[in-house]
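Data file: coords.txt. Format and content: compact mmCIF, C-alpha atoms.
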```
# COMPACT_ATOMS: atom_id res chain seq x y z
CA MET A 1 7.93 -9.13 -5.72
CA LYS A 2 9.04 -5.79 -4.24
CA ILE A 3 6.08 -3.53 -3.51
CA LEU A 4 5.83 0.17 -2.66
CA LEU A 5 2.59 1.23 -0.95
CA VAL A 6 1.96 4.98 -0.80
CA GLY A 7 0.00 6.31 2.18
CA SER A 8 -0.08 6.49 5.96
CA GLY A 9 -3.59 5.79 7.27
CA GLY A 10 -5.65 2.93 8.64
CA ARG A 11 -6.54 1.89 5.10
CA GLU A 12 -2.85 1.59 4.24
CA HIS A 13 -2.15 -0.40 7.42
CA ALA A 14 -4.85 -2.90 6.40
CA LEU A 15 -3.51 -3.04 2.83
CA ALA A 16 0.03 -3.51 4.14
CA LEU A 17 -1.05 -6.51 6.21
CA GLY A 18 -2.81 -8.00 3.20
CA LEU A 19 0.16 -7.44 0.89
CA LYS A 20 2.63 -8.79 3.44
CA ALA A 21 0.57 -11.97 3.90
CA ASP A 22 0.88 -12.79 0.20
CA LYS A 23 3.83 -15.16 -0.31
CA SER A 24 4.63 -13.45 -3.62
CA CYS A 25 5.55 -10.28 -1.68
CA THR A 26 9.25 -10.51 -0.89
CA GLU A 27 9.75 -6.90 0.22
CA LEU A 28 7.16 -4.36 1.37
CA HIS A 29 7.99 -0.66 1.50
CA VAL A 30 5.46 1.94 2.67
CA ALA A 31 5.81 5.70 2.39
CA PRO A 32 5.33 7.64 4.56
CA GLY A 33 3.69 4.94 6.72
CA ASN A 34 2.96 5.13 10.45
CA PRO A 35 4.18 3.39 13.66
CA GLY A 36 1.83 0.45 13.16
CA ILE A 37 2.93 -0.14 9.59
CA ALA A 38 6.57 0.17 10.68
CA ALA A 39 6.18 -3.09 12.59
CA ILE A 40 5.56 -5.06 9.38
CA ALA A 41 7.20 -3.06 6.57
CA GLN A 42 10.08 -0.72 5.87
CA ILE A 43 8.79 2.84 5.92
CA HIS A 44 10.26 5.86 4.14
CA PRO A 45 9.67 9.61 4.54
CA LEU A 46 7.65 10.99 1.64
CA VAL A 47 5.53 13.98 0.69
CA ILE A 48 2.67 12.25 -1.12
CA THR A 49 1.79 15.37 -3.15
CA ASP A 50 5.23 15.26 -4.80
CA ASN A 51 4.88 12.97 -7.83
CA GLY A 52 8.56 13.21 -8.61
CA ALA A 53 9.49 12.09 -5.09
CA ILE A 54 7.17 9.09 -5.34
CA CYS A 55 8.70 8.05 -8.64
CA ALA A 56 12.25 8.62 -7.38
CA LEU A 57 11.59 6.39 -4.37
CA ALA A 58 10.16 3.64 -6.59
CA GLN A 59 13.28 3.88 -8.78
CA GLN A 60 15.63 3.88 -5.80
CA LEU A 61 13.98 0.75 -4.39
CA GLY A 62 13.60 -0.98 -7.76
CA VAL A 63 10.05 -2.09 -6.99
CA ASP A 64 7.88 -4.37 -9.12
CA LEU A 65 4.56 -2.80 -8.16
CA VAL A 66 3.36 0.53 -6.75
CA VAL A 67 0.03 0.65 -4.89
CA ILE A 68 -1.32 4.15 -4.28
CA GLY A 69 -3.65 4.37 -1.29
CA PRO A 70 -4.94 7.96 -0.91
CA GLU A 71 -6.97 9.98 -3.40
CA VAL A 72 -4.79 13.12 -3.50
CA PRO A 73 -1.77 11.61 -5.34
CA LEU A 74 -4.15 9.82 -7.71
CA VAL A 75 -6.02 13.00 -8.63
CA ASN A 76 -2.62 14.74 -8.91
CA GLY A 77 -1.50 12.24 -11.54
CA ALA A 78 1.08 10.22 -9.58
CA ALA A 79 0.08 7.03 -11.42
CA ASP A 80 0.81 8.66 -14.80
CA VAL A 81 4.34 9.65 -13.75
CA LEU A 82 5.05 6.16 -12.41
CA ARG A 83 3.67 4.41 -15.50
CA ALA A 84 5.72 6.68 -17.76
CA ALA A 85 8.77 5.49 -15.82
CA GLY A 86 7.83 1.87 -16.48
CA PHE A 87 6.29 0.82 -13.17
CA PRO A 88 3.14 -1.31 -12.89
CA VAL A 89 0.75 0.80 -10.79
CA PHE A 90 -2.42 -0.13 -8.95
CA GLY A 91 -4.25 3.17 -9.09
CA PRO A 92 -6.02 5.12 -11.85
CA SER A 93 -4.53 7.79 -14.07
CA LYS A 94 -5.21 11.46 -13.37
CA ALA A 95 -7.92 11.44 -16.03
CA ALA A 96 -9.63 8.32 -14.66
CA ALA A 97 -9.32 9.50 -11.04
CA GLN A 98 -11.67 12.37 -11.93
CA LEU A 99 -14.43 9.91 -11.05
CA GLU A 100 -13.58 10.97 -7.49
CA GLY A 101 -11.95 14.30 -8.20
CA SER A 102 -15.07 15.83 -9.78
CA LYS A 103 -18.67 15.03 -8.87
CA ASP A 104 -19.80 16.68 -12.11
CA PHE A 105 -17.44 14.49 -14.16
CA ALA A 106 -18.74 11.37 -12.41
CA LYS A 107 -22.33 12.39 -13.18
CA GLY A 108 -21.45 12.74 -16.86
CA VAL A 109 -19.83 9.31 -17.00
CA MET A 110 -22.85 7.75 -15.28
CA ARG A 111 -25.19 9.47 -17.71
CA ASP A 112 -23.27 8.19 -20.73
CA ALA A 113 -22.92 4.70 -19.24
CA GLY A 114 -26.59 4.45 -18.28
CA VAL A 115 -25.77 3.97 -14.60
CA PRO A 116 -28.60 4.83 -12.17
CA THR A 117 -27.96 7.84 -9.91
CA ALA A 118 -29.76 10.80 -8.38
CA ARG A 119 -31.01 13.62 -10.60
CA SER A 120 -28.75 16.65 -10.17
CA PHE A 121 -27.70 20.12 -11.26
CA THR A 122 -24.14 21.43 -11.43
CA CYS A 123 -24.14 25.05 -10.28
CA THR A 124 -21.70 27.97 -9.91
CA GLU A 125 -23.94 30.98 -9.15
CA LYS A 126 -26.22 31.84 -6.22
CA SER A 127 -29.29 32.01 -8.46
CA GLU A 128 -28.50 28.50 -9.74
CA PHE A 129 -28.00 27.23 -6.18
CA GLU A 130 -31.38 28.56 -5.10
CA LYS A 131 -33.22 27.20 -8.12
CA ALA A 132 -31.70 23.73 -7.68
CA LEU A 133 -32.46 23.63 -3.94
CA ASP A 134 -36.07 24.61 -4.58
CA THR A 135 -36.42 22.08 -7.42
CA PHE A 136 -35.49 19.12 -5.22
CA GLY A 137 -36.63 20.37 -1.81
CA ALA A 138 -35.59 18.98 1.56
CA PRO A 139 -33.57 17.03 2.53
CA TYR A 140 -31.07 19.12 0.60
CA VAL A 141 -27.95 17.44 -0.78
CA VAL A 142 -25.09 19.77 -1.70
CA LYS A 143 -21.71 18.41 -2.83
CA ASP A 144 -18.52 20.34 -3.45
CA ASP A 145 -17.48 19.39 -6.98
CA GLY A 146 -13.84 18.76 -6.04
CA LEU A 147 -11.90 16.89 -3.38
CA ALA A 148 -12.73 18.16 0.08
CA ALA A 149 -11.14 15.62 2.46
CA GLY A 150 -14.50 14.07 3.33
CA LYS A 151 -16.04 17.43 4.26
CA GLY A 152 -17.52 18.42 0.94
CA VAL A 153 -21.04 17.01 1.30
CA VAL A 154 -23.87 18.55 3.29
CA VAL A 155 -27.20 16.79 3.75
CA THR A 156 -29.66 18.94 5.69
CA ASN A 157 -33.29 19.95 6.08
CA ASP A 158 -32.19 23.56 6.64
CA ARG A 159 -32.24 25.45 3.33
CA GLN A 160 -29.98 28.21 4.63
CA VAL A 161 -27.34 25.71 5.78
CA ALA A 162 -27.47 24.11 2.33
CA LEU A 163 -27.19 27.48 0.59
CA ASP A 164 -24.31 28.60 2.81
CA HIS A 165 -22.38 25.43 1.95
CA ALA A 166 -22.98 25.98 -1.75
CA LEU A 167 -21.79 29.59 -1.46
CA SER A 168 -18.59 28.41 0.23
CA CYS A 169 -17.69 26.33 -2.84
CA SER A 170 -16.73 27.48 -6.32
CA ARG A 171 -18.82 24.79 -8.00
CA VAL A 172 -21.30 22.34 -6.52
CA VAL A 173 -23.51 19.43 -7.51
CA ILE A 174 -26.97 19.73 -5.97
CA GLU A 175 -29.03 16.58 -6.22
CA GLU A 176 -32.17 14.87 -5.08
CA TYR A 177 -32.03 13.00 -1.80
CA LEU A 178 -31.83 9.22 -2.13
CA SER A 179 -33.82 7.40 0.54
CA GLY A 180 -32.71 3.93 1.61
CA PRO A 181 -29.85 2.13 3.34
CA GLU A 182 -26.37 2.93 2.04
CA ILE A 183 -23.64 0.43 1.28
CA SER A 184 -20.15 0.45 -0.19
CA LEU A 185 -19.17 -2.00 -2.90
CA PHE A 186 -15.67 -1.99 -4.36
CA GLY A 187 -14.30 -3.45 -7.57
CA ILE A 188 -10.71 -4.26 -8.60
CA SER A 189 -10.17 -3.35 -12.26
CA ASP A 190 -7.45 -3.81 -14.88
CA GLY A 191 -9.12 -1.32 -17.22
CA ARG A 192 -11.19 -3.97 -19.02
CA ASN A 193 -12.36 -6.39 -16.33
CA ILE A 194 -13.59 -5.59 -12.84
CA LEU A 195 -13.82 -8.03 -9.93
CA PRO A 196 -16.50 -7.04 -7.41
CA MET A 197 -15.63 -7.31 -3.74
CA GLN A 198 -18.05 -8.09 -0.90
CA PRO A 199 -20.30 -5.23 0.25
CA ALA A 200 -19.66 -3.33 3.45
CA GLN A 201 -21.50 -0.63 5.35
CA ASP A 202 -19.82 2.28 7.09
CA PHE A 203 -21.07 4.79 9.65
CA LYS A 204 -20.45 8.45 8.81
CA ARG A 205 -21.95 10.28 11.78
CA ALA A 206 -19.77 10.90 14.81
CA PHE A 207 -22.09 9.62 17.52
CA ASP A 208 -24.41 6.73 18.34
CA GLY A 209 -27.76 6.66 16.59
CA ASP A 210 -26.29 8.47 13.57
CA GLU A 211 -26.17 11.73 15.49
CA GLY A 212 -23.60 14.49 15.20
CA PRO A 213 -21.53 15.77 12.29
CA ASN A 214 -20.40 13.79 9.28
CA THR A 215 -16.94 12.25 9.55
CA GLY A 216 -14.59 10.23 7.39
CA GLY A 217 -16.18 7.12 8.94
CA MET A 218 -16.54 5.86 12.51
CA GLY A 219 -16.77 2.15 11.79
CA ALA A 220 -17.86 -0.50 9.31
CA TYR A 221 -18.84 -4.13 8.97
CA SER A 222 -19.03 -6.93 6.43
CA PRO A 223 -20.84 -9.02 5.25
CA LEU A 224 -24.33 -7.49 5.20
CA PRO A 225 -26.83 -10.19 6.20
CA TRP A 226 -29.80 -7.94 5.39
CA ALA A 227 -28.69 -7.01 1.86
CA PRO A 228 -30.36 -8.63 -1.18
CA ASP A 229 -28.73 -11.93 -2.16
CA ASP A 230 -27.96 -10.61 -5.64
CA ILE A 231 -26.52 -7.25 -4.57
CA VAL A 232 -22.99 -8.06 -5.79
CA GLU A 233 -24.19 -9.36 -9.16
CA GLU A 234 -26.64 -6.48 -9.60
CA THR A 235 -24.02 -3.86 -8.75
CA TYR A 236 -21.55 -5.47 -11.14
CA THR A 237 -24.11 -5.53 -13.97
CA GLU A 238 -25.70 -2.11 -13.42
CA VAL A 239 -22.80 -0.05 -12.08
CA LEU A 240 -19.26 -1.45 -12.08
CA ALA A 241 -19.04 -3.07 -15.52
CA PRO A 242 -20.76 -0.18 -17.38
CA ILE A 243 -18.47 2.42 -15.76
CA ILE A 244 -15.33 0.44 -16.64
CA ALA A 245 -16.58 0.02 -20.22
CA GLU A 246 -17.41 3.73 -20.53
CA MET A 247 -14.04 4.83 -19.15
CA ALA A 248 -12.27 2.52 -21.61
CA ALA A 249 -14.39 3.84 -24.49
CA ARG A 250 -13.34 7.39 -23.56
CA GLY A 251 -9.70 6.41 -23.87
CA THR A 252 -9.10 6.76 -20.13
CA PRO A 253 -9.28 3.18 -18.81
CA PHE A 254 -9.72 2.89 -15.05
CA VAL A 255 -7.01 0.71 -13.50
CA GLY A 256 -7.29 0.37 -9.75
CA LEU A 257 -9.99 0.27 -7.11
CA LEU A 258 -13.40 1.63 -8.04
CA TYR A 259 -15.44 2.44 -4.93
CA ALA A 260 -19.20 2.67 -5.48
CA GLY A 261 -21.23 4.27 -2.72
CA LEU A 262 -24.79 3.03 -3.22
CA ALA A 263 -28.26 3.74 -1.90
CA LEU A 264 -30.71 0.83 -1.93
CA THR A 265 -33.88 2.75 -2.80
CA ASP A 266 -37.41 1.51 -3.42
CA ASP A 267 -36.65 1.96 -7.13
CA GLY A 268 -33.44 -0.11 -7.01
CA ILE A 269 -29.78 0.71 -6.50
CA ARG A 270 -28.59 4.26 -7.13
CA VAL A 271 -25.02 5.52 -7.09
CA ILE A 272 -24.36 8.19 -4.47
CA GLU A 273 -20.69 8.68 -5.31
CA PHE A 274 -17.57 7.09 -6.71
CA ASN A 275 -14.13 7.03 -5.15
CA ALA A 276 -10.97 6.06 -6.99
CA ARG A 277 -9.34 4.12 -4.14
CA PHE A 278 -10.00 1.77 -1.24
CA GLY A 279 -12.38 3.26 1.32
CA ASP A 280 -11.52 3.90 4.95
CA PRO A 281 -12.75 2.24 7.22
CA GLU A 282 -14.34 -0.36 4.91
CA THR A 283 -10.92 -1.68 3.87
CA GLN A 284 -10.26 -2.68 7.48
CA VAL A 285 -13.15 -5.18 7.35
CA LEU A 286 -12.72 -6.34 3.75
CA ILE A 287 -9.01 -7.19 3.66
CA PRO A 288 -9.20 -9.47 6.75
CA ARG A 289 -12.02 -11.42 5.02
CA LEU A 290 -10.24 -11.76 1.66
CA VAL A 291 -8.77 -15.20 0.92
CA THR A 292 -7.36 -14.34 -2.52
CA PRO A 293 -3.70 -13.26 -2.18
CA LEU A 294 -3.83 -9.46 -2.30
CA ALA A 295 -0.44 -8.63 -3.83
CA SER A 296 -0.96 -11.10 -6.67
CA ILE A 297 -4.41 -9.82 -7.61
CA LEU A 298 -3.35 -6.14 -7.47
CA TYR A 299 -0.34 -6.92 -9.67
CA LYS A 300 -2.59 -8.66 -12.19
CA ALA A 301 -4.87 -5.62 -12.20
CA ALA A 302 -1.89 -3.32 -12.71
CA THR A 303 -0.67 -5.42 -15.67
CA ASP A 304 -4.03 -5.89 -17.44
CA SER A 305 -4.27 -9.57 -16.48
CA LEU A 306 -7.57 -10.10 -14.65
CA ASP A 307 -9.14 -12.33 -17.30
CA ASP A 308 -10.66 -15.45 -15.68
CA GLU A 309 -9.76 -14.26 -12.16
CA PHE A 310 -12.20 -14.17 -9.23
CA LEU A 311 -12.10 -13.31 -5.54
CA GLN A 312 -12.52 -15.76 -2.68
CA TRP A 313 -13.83 -14.77 0.76
CA ARG A 314 -13.87 -16.16 4.27
CA ASP A 315 -17.24 -16.92 5.83
CA ASP A 316 -16.21 -14.94 8.92
CA SER A 317 -17.70 -11.57 9.79
CA ALA A 318 -15.67 -8.44 10.51
CA VAL A 319 -16.59 -5.32 12.48
CA THR A 320 -14.28 -2.31 12.78
CA VAL A 321 -14.63 0.57 15.24
CA VAL A 322 -12.74 3.87 15.03
CA LEU A 323 -11.11 5.44 18.08
CA ALA A 324 -11.38 9.19 17.50
CA ALA A 325 -9.51 12.02 19.19
CA GLN A 326 -11.29 14.55 21.36
CA GLY A 327 -12.85 17.27 19.18
CA TYR A 328 -13.05 15.14 16.02
CA PRO A 329 -14.10 15.96 13.33
CA GLU A 330 -14.16 19.76 13.72
CA SER A 331 -10.98 20.33 15.74
CA PRO A 332 -9.30 17.10 16.83
CA GLN A 333 -6.72 17.34 19.59
CA THR A 334 -3.40 15.74 18.72
CA GLY A 335 -0.32 14.86 20.71
CA GLY A 336 -2.09 12.73 23.31
CA ALA A 337 -0.41 9.61 24.67
CA VAL A 338 -1.91 6.34 23.41
CA SER A 339 -1.50 3.27 25.60
CA GLY A 340 -3.09 -0.04 26.56
CA ILE A 341 -3.25 -1.45 23.03
CA PRO A 342 -4.26 -5.06 23.69
CA GLU A 343 -3.41 -8.35 22.05
CA ILE A 344 -6.71 -10.21 21.77
CA SER A 345 -7.38 -13.26 19.60
CA GLY A 346 -9.43 -12.23 16.58
CA ALA A 347 -8.67 -8.52 16.97
CA GLN A 348 -6.55 -6.46 14.58
CA ILE A 349 -5.43 -2.93 15.47
CA PHE A 350 -4.84 -0.59 12.53
CA HIS A 351 -2.96 2.67 13.06
CA ALA A 352 -4.36 5.74 11.34
CA GLY A 353 -3.49 9.04 13.03
CA THR A 354 -0.52 8.00 15.16
CA SER A 355 3.11 9.04 15.51
CA GLU A 356 6.01 7.97 17.67
CA GLU A 357 8.19 10.24 19.78
CA GLU A 358 10.97 9.02 22.06
CA GLY A 359 9.39 5.58 22.19
CA SER A 360 5.91 6.85 23.06
CA LEU A 361 2.88 6.43 20.82
CA LEU A 362 1.01 9.70 20.26
CA SER A 363 -2.15 10.71 18.45
CA SER A 364 -1.51 12.74 15.30
CA GLY A 365 -4.92 12.88 13.63
CA GLY A 366 -8.65 12.83 14.16
CA ARG A 367 -9.10 9.12 13.60
CA VAL A 368 -6.35 7.59 15.69
CA LEU A 369 -6.84 3.81 15.55
CA THR A 370 -9.24 1.38 13.95
CA VAL A 371 -9.99 -1.83 15.83
CA THR A 372 -11.33 -4.77 13.80
CA GLY A 373 -12.90 -7.84 15.34
CA ILE A 374 -13.21 -11.11 13.41
CA GLY A 375 -15.83 -13.69 14.39
CA SER A 376 -18.12 -16.40 13.11
CA ASP A 377 -20.96 -13.88 12.98
CA LEU A 378 -21.43 -10.14 13.51
CA THR A 379 -22.22 -10.54 17.21
CA GLU A 380 -18.96 -12.34 17.90
CA ALA A 381 -17.01 -9.89 15.72
CA ARG A 382 -18.57 -6.93 17.56
CA ASN A 383 -17.71 -8.44 20.93
CA VAL A 384 -14.08 -8.88 19.94
CA ALA A 385 -13.78 -5.35 18.54
CA TYR A 386 -15.39 -3.67 21.53
CA ARG A 387 -13.49 -5.75 24.06
CA ALA A 388 -10.25 -4.62 22.41
CA ILE A 389 -11.07 -0.95 21.91
CA SER A 390 -12.32 -0.58 25.48
CA GLN A 391 -8.79 -1.27 26.75
CA ILE A 392 -7.09 1.48 24.74
CA GLU A 393 -6.34 4.66 26.64
CA LEU A 394 -6.24 8.14 25.08
CA ALA A 395 -7.48 11.09 27.09
CA GLY A 396 -10.71 12.55 25.70
CA SER A 397 -11.03 9.95 22.94
CA PHE A 398 -14.37 8.44 21.97
CA TYR A 399 -15.93 5.79 19.74
CA ARG A 400 -19.40 4.75 18.69
CA SER A 401 -20.92 1.85 20.61
CA ASP A 402 -23.50 0.87 17.98
CA ILE A 403 -21.42 -0.19 14.97
CA ALA A 404 -23.19 -3.17 13.32
CA PHE A 405 -25.55 -3.50 16.30
CA ASN A 406 -28.80 -3.49 14.33
CA ALA A 407 -27.33 -5.79 11.69
CA SER A 408 -26.22 -8.27 14.35
CA ILE A 409 -29.72 -8.30 15.84
CA ALA A 410 -31.23 -8.88 12.41
CA GLU A 411 -28.73 -11.66 11.75
CA LYS A 412 -29.78 -13.44 14.95
CA GLY A 413 -33.41 -13.04 13.91
CA ASN A 414 -32.73 -14.93 10.72
```

Could you render the structure as structure tokens?
Amino acid sequence: MKILLVGSGGREHALALGLKADKSCTELHVAPGNPGIAAIAQIHPLVITDNGAICALAQQLGVDLVVIGPEVPLVNGAADVLRAAGFPVFGPSKAAAQLEGSKDFAKGVMRDAGVPTARSFTCTEKSEFEKALDTFGAPYVVKDDGLAAGKGVVVTNDRQVALDHALSCSRVVIEEYLSGPEISLFGISDGRNILPMQPAQDFKRAFDGDEGPNTGGMGAYSPLPWAPDDIVEETYTEVLAPIIAEMAARGTPFVGLLYAGLALTDDGIRVIEFNARFGDPETQVLIPRLVTPLASILYKAATDSLDDEFLQWRDDSAVTVVLAAQGYPESPQTGGAVSGIPEISGAQIFHAGTSEEEGSLLSSGGRVLTVTGIGSDLTEARNVAYRAISQIELAGSFYRSDIAFNASIAEKGN
């Protein structure tokens, strides 16, 4: 099976490794890719916002499956163009990708499907912003209705900061704050069935102790030893299956990866948000734990063939830590030399914001590398990840030192 994977980040590097490991994958092409992916797949230049270019590349290569990694081409309708040309695609249509592309749309689908989420108002005027903020009170949660590259959500106790963010957007969803630990739980869907993956937890704040600004994610781990034993089954029953059924009933079946961001509140699980693709950095801990051949299961999803399928998982734990460039997330410095990447048993290094110039590896984004450690438990996985990341050199770079720390302590206590 010839596969084209669209994307260039750490998520795509992890997906590429998973696809390549599947014996059914005979050729793996990635566009535009990065230097890390280039070591395992053939990469091609590509502007991922150009649907025609994506389709032309798939036709040129004669691929059997297209996997779309990032949200932008999905929301732009790349999957529709590819399907119209006859390609099996793992990734939702433009209409279905609105689950990520519009917070207001997602709220409407959840309402109609009976899926538990925070109470909210969708607002476009200052008077509406102020009324909604005062209705819910602090902490204030203000979400840009559209895609905002991970920078569209503000959670703050400062009313003026919340109002200023709302005023900077054309339309926002203002909602009540959900108190409780947050987890990510993905599902692979063929439009009718959805296979839940294992839960993961990521860390959004830039610095230790959940301090500093929100980021795209500074690390993640899986499994979650503290989570309820029935969390996967409960999420499937209350969230994933109803959303897939509702999307199908609307005539816009969701084919691809449904990402549910959840809060475990005192009143049960509540959906914080949906994404229409694999999350980053959660993918870097989930794919290394997945036993089920990845290419085969994504092809079955893309061809409406997930009946009677299920996912198998390793017992191992995985912890991933992000190496971020100086100034991330506000103004990351790029162009720095990256060196000292180690080869350590149990460690996997995923390239995210990297480029190559005259044989030298350079930083090209805010999140430069993701280092995943695999171990028999979270403590061992953490040790592997931190031993590896500590050897990488990039001037001014930083990483959090507390990824999965509390969970590993709790695991030992059990």

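Nearest to A:Gly10 of all the residues A:Lys412, A:His44, A:Arg400, A:His351 is A:His351, based on all atoms listed in the file.
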
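The closest residue to A:Val232, picked from A:Ile269, A:Ala301, A:Cys123, A:Val172 and counting all atoms listed in the file, is A:Ile269.
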
Proximity check stretch 71-107 of chain A to stretch 113-122 of chain A, 9 Å, nearest pairs one decimal Å, all atoms listed in the file, as a Markdown table:
```
| residue | atom | partner | partner_atom | distance |
| --- | --- | --- | --- | --- |
| A:Lys103 | CA | A:Thr122 | CA | 8.8 |
| A:Asp104 | CA | A:Thr122 | CA | 6.5 |
| A:Lys107 | CA | A:Thr117 | CA | 7.9 |
```

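Around A:Tyr177, within 7 Å and counting all atoms listed in the file, the residues found are A:Pro139, A:Tyr140, A:Val141, once anything fewer than 5 positions away on its own chain is removed.
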
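The protein and nucleic acid residues lying at most 10 Å from A:Ile40 are His13, Ala16, Leu17, Lys20, Leu28, His29, Val30, Pro35, Gly36, Ile37 and Ile43 of chain A, with only C-alpha atoms considered and sequence neighbours fewer than 3 positions away removed.
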
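Between atom CA of A:Glu380 and atom CA of A:Ala347 lies a distance of 11.0 Å.
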
Within 9 Å of stretch 185-205 of chain A, which residues of stretch 212-331 of chain A come that close, and what is the closest atom pair and distance in Å for each? Count all atoms listed in the file and give it as a Markdown table.
```
| residue | atom | partner | partner_atom | distance |
| --- | --- | --- | --- | --- |
| A:Gly212 | CA | A:Arg205 | CA | 5.7 |
| A:Pro213 | CA | A:Arg205 | CA | 5.5 |
| A:Asn214 | CA | A:Arg205 | CA | 4.6 |
| A:Thr215 | CA | A:Lys204 | CA | 5.2 |
| A:Gly216 | CA | A:Lys204 | CA | 6.3 |
| A:Gly217 | CA | A:Lys204 | CA | 4.5 |
| A:Met218 | CA | A:Phe203 | CA | 5.5 |
| A:Gly219 | CA | A:Phe203 | CA | 5.5 |
| A:Ala220 | CA | A:Asp202 | CA | 4.1 |
| A:Tyr221 | CA | A:Ala200 | CA | 5.6 |
| A:Ser222 | CA | A:Ala200 | CA | 4.7 |
| A:Pro223 | CA | A:Ala200 | CA | 6.1 |
| A:Leu224 | CA | A:Ala200 | CA | 6.5 |
| A:Ala227 | CA | A:Pro199 | CA | 8.7 |
| A:Ile231 | CA | A:Pro199 | CA | 8.1 |
| A:Val232 | CA | A:Pro196 | CA | 6.8 |
| A:Glu233 | CA | A:Pro196 | CA | 8.2 |
| A:Thr235 | CA | A:Leu185 | CA | 7.8 |
| A:Tyr236 | CA | A:Pro196 | CA | 6.5 |
| A:Leu240 | CA | A:Gly187 | CA | 7.0 |
| A:Ala241 | CA | A:Ile194 | CA | 6.6 |
| A:Ile244 | CA | A:Gly191 | CA | 6.5 |
| A:Ala245 | CA | A:Arg192 | CA | 6.8 |
| A:Met247 | CA | A:Gly191 | CA | 8.1 |
| A:Ala248 | CA | A:Gly191 | CA | 6.6 |
| A:Thr252 | CA | A:Gly191 | CA | 8.6 |
| A:Pro253 | CA | A:Gly191 | CA | 4.8 |
| A:Phe254 | CA | A:Gly191 | CA | 4.8 |
| A:Val255 | CA | A:Gly191 | CA | 4.7 |
| A:Gly256 | CA | A:Ser189 | CA | 5.3 |
| A:Leu257 | CA | A:Ile188 | CA | 4.8 |
| A:Leu258 | CA | A:Gly187 | CA | 5.2 |
| A:Tyr259 | CA | A:Phe186 | CA | 4.5 |
| A:Ala260 | CA | A:Leu185 | CA | 5.3 |
| A:Gly261 | CA | A:Leu185 | CA | 6.6 |
| A:Leu262 | CA | A:Leu185 | CA | 7.5 |
| A:Arg277 | CA | A:Phe186 | CA | 8.8 |
| A:Phe278 | CA | A:Phe186 | CA | 7.5 |
| A:Gly279 | CA | A:Phe186 | CA | 8.4 |
| A:Asp280 | CA | A:Asp202 | CA | 8.7 |
| A:Pro281 | CA | A:Asp202 | CA | 7.1 |
| A:Glu282 | CA | A:Ala200 | CA | 6.3 |
| A:Thr283 | CA | A:Ala200 | CA | 8.9 |
| A:Val285 | CA | A:Ala200 | CA | 7.8 |
| A:Leu286 | CA | A:Gln198 | CA | 7.3 |
| A:Leu290 | CA | A:Met197 | CA | 8.8 |
| A:Ile297 | CA | A:Ile188 | CA | 8.5 |
| A:Leu298 | CA | A:Ile188 | CA | 7.7 |
| A:Lys300 | CA | A:Asp190 | CA | 7.4 |
| A:Ala301 | CA | A:Asp190 | CA | 4.1 |
| A:Ala302 | CA | A:Asp190 | CA | 6.0 |
| A:Thr303 | CA | A:Asp190 | CA | 7.0 |
| A:Asp304 | CA | A:Asp190 | CA | 4.8 |
| A:Ser305 | CA | A:Asp190 | CA | 6.8 |
| A:Leu306 | CA | A:Asn193 | CA | 6.3 |
| A:Asp307 | CA | A:Asn193 | CA | 6.8 |
| A:Glu309 | CA | A:Leu195 | CA | 7.8 |
| A:Phe310 | CA | A:Leu195 | CA | 6.4 |
| A:Leu311 | CA | A:Leu195 | CA | 7.1 |
| A:Trp313 | CA | A:Gln198 | CA | 8.1 |
```

(message) Excluding A:Arg83 and its own-chain neighbours fewer than 2 positions away, which residues fall within 12 Å of it when counting only C-alpha atoms? Please give them as a PyMOL selection string.
(response) chain A and resi 51+54-55+58-59+64-67+77-81+85-94+255+302-303

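Of the listed residues (A:Leu147, A:Ser317, A:Glu211, A:Thr354), A:Thr354 comes nearest to A:Ala38; the distances count only C-alpha atoms.
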
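The residue that comes closest to A:Gly365, out of A:Ser170, A:Ser24, A:Gln333, A:Thr320 and on the basis of all atoms listed in the file, is A:Gln333.
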
(request) Name the residues in contact with A:Gly335 at a cut-off of 8 Å, using only C-alpha atoms, excluding same-chain residues fewer than 4 positions from it; report them as a list in words. (result) Leu362, Ser363 and Ser364 of chain A

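Here atom CA of A:Gln391 stands at a distance of 25.8 Å from atom CA of A:Ala41.
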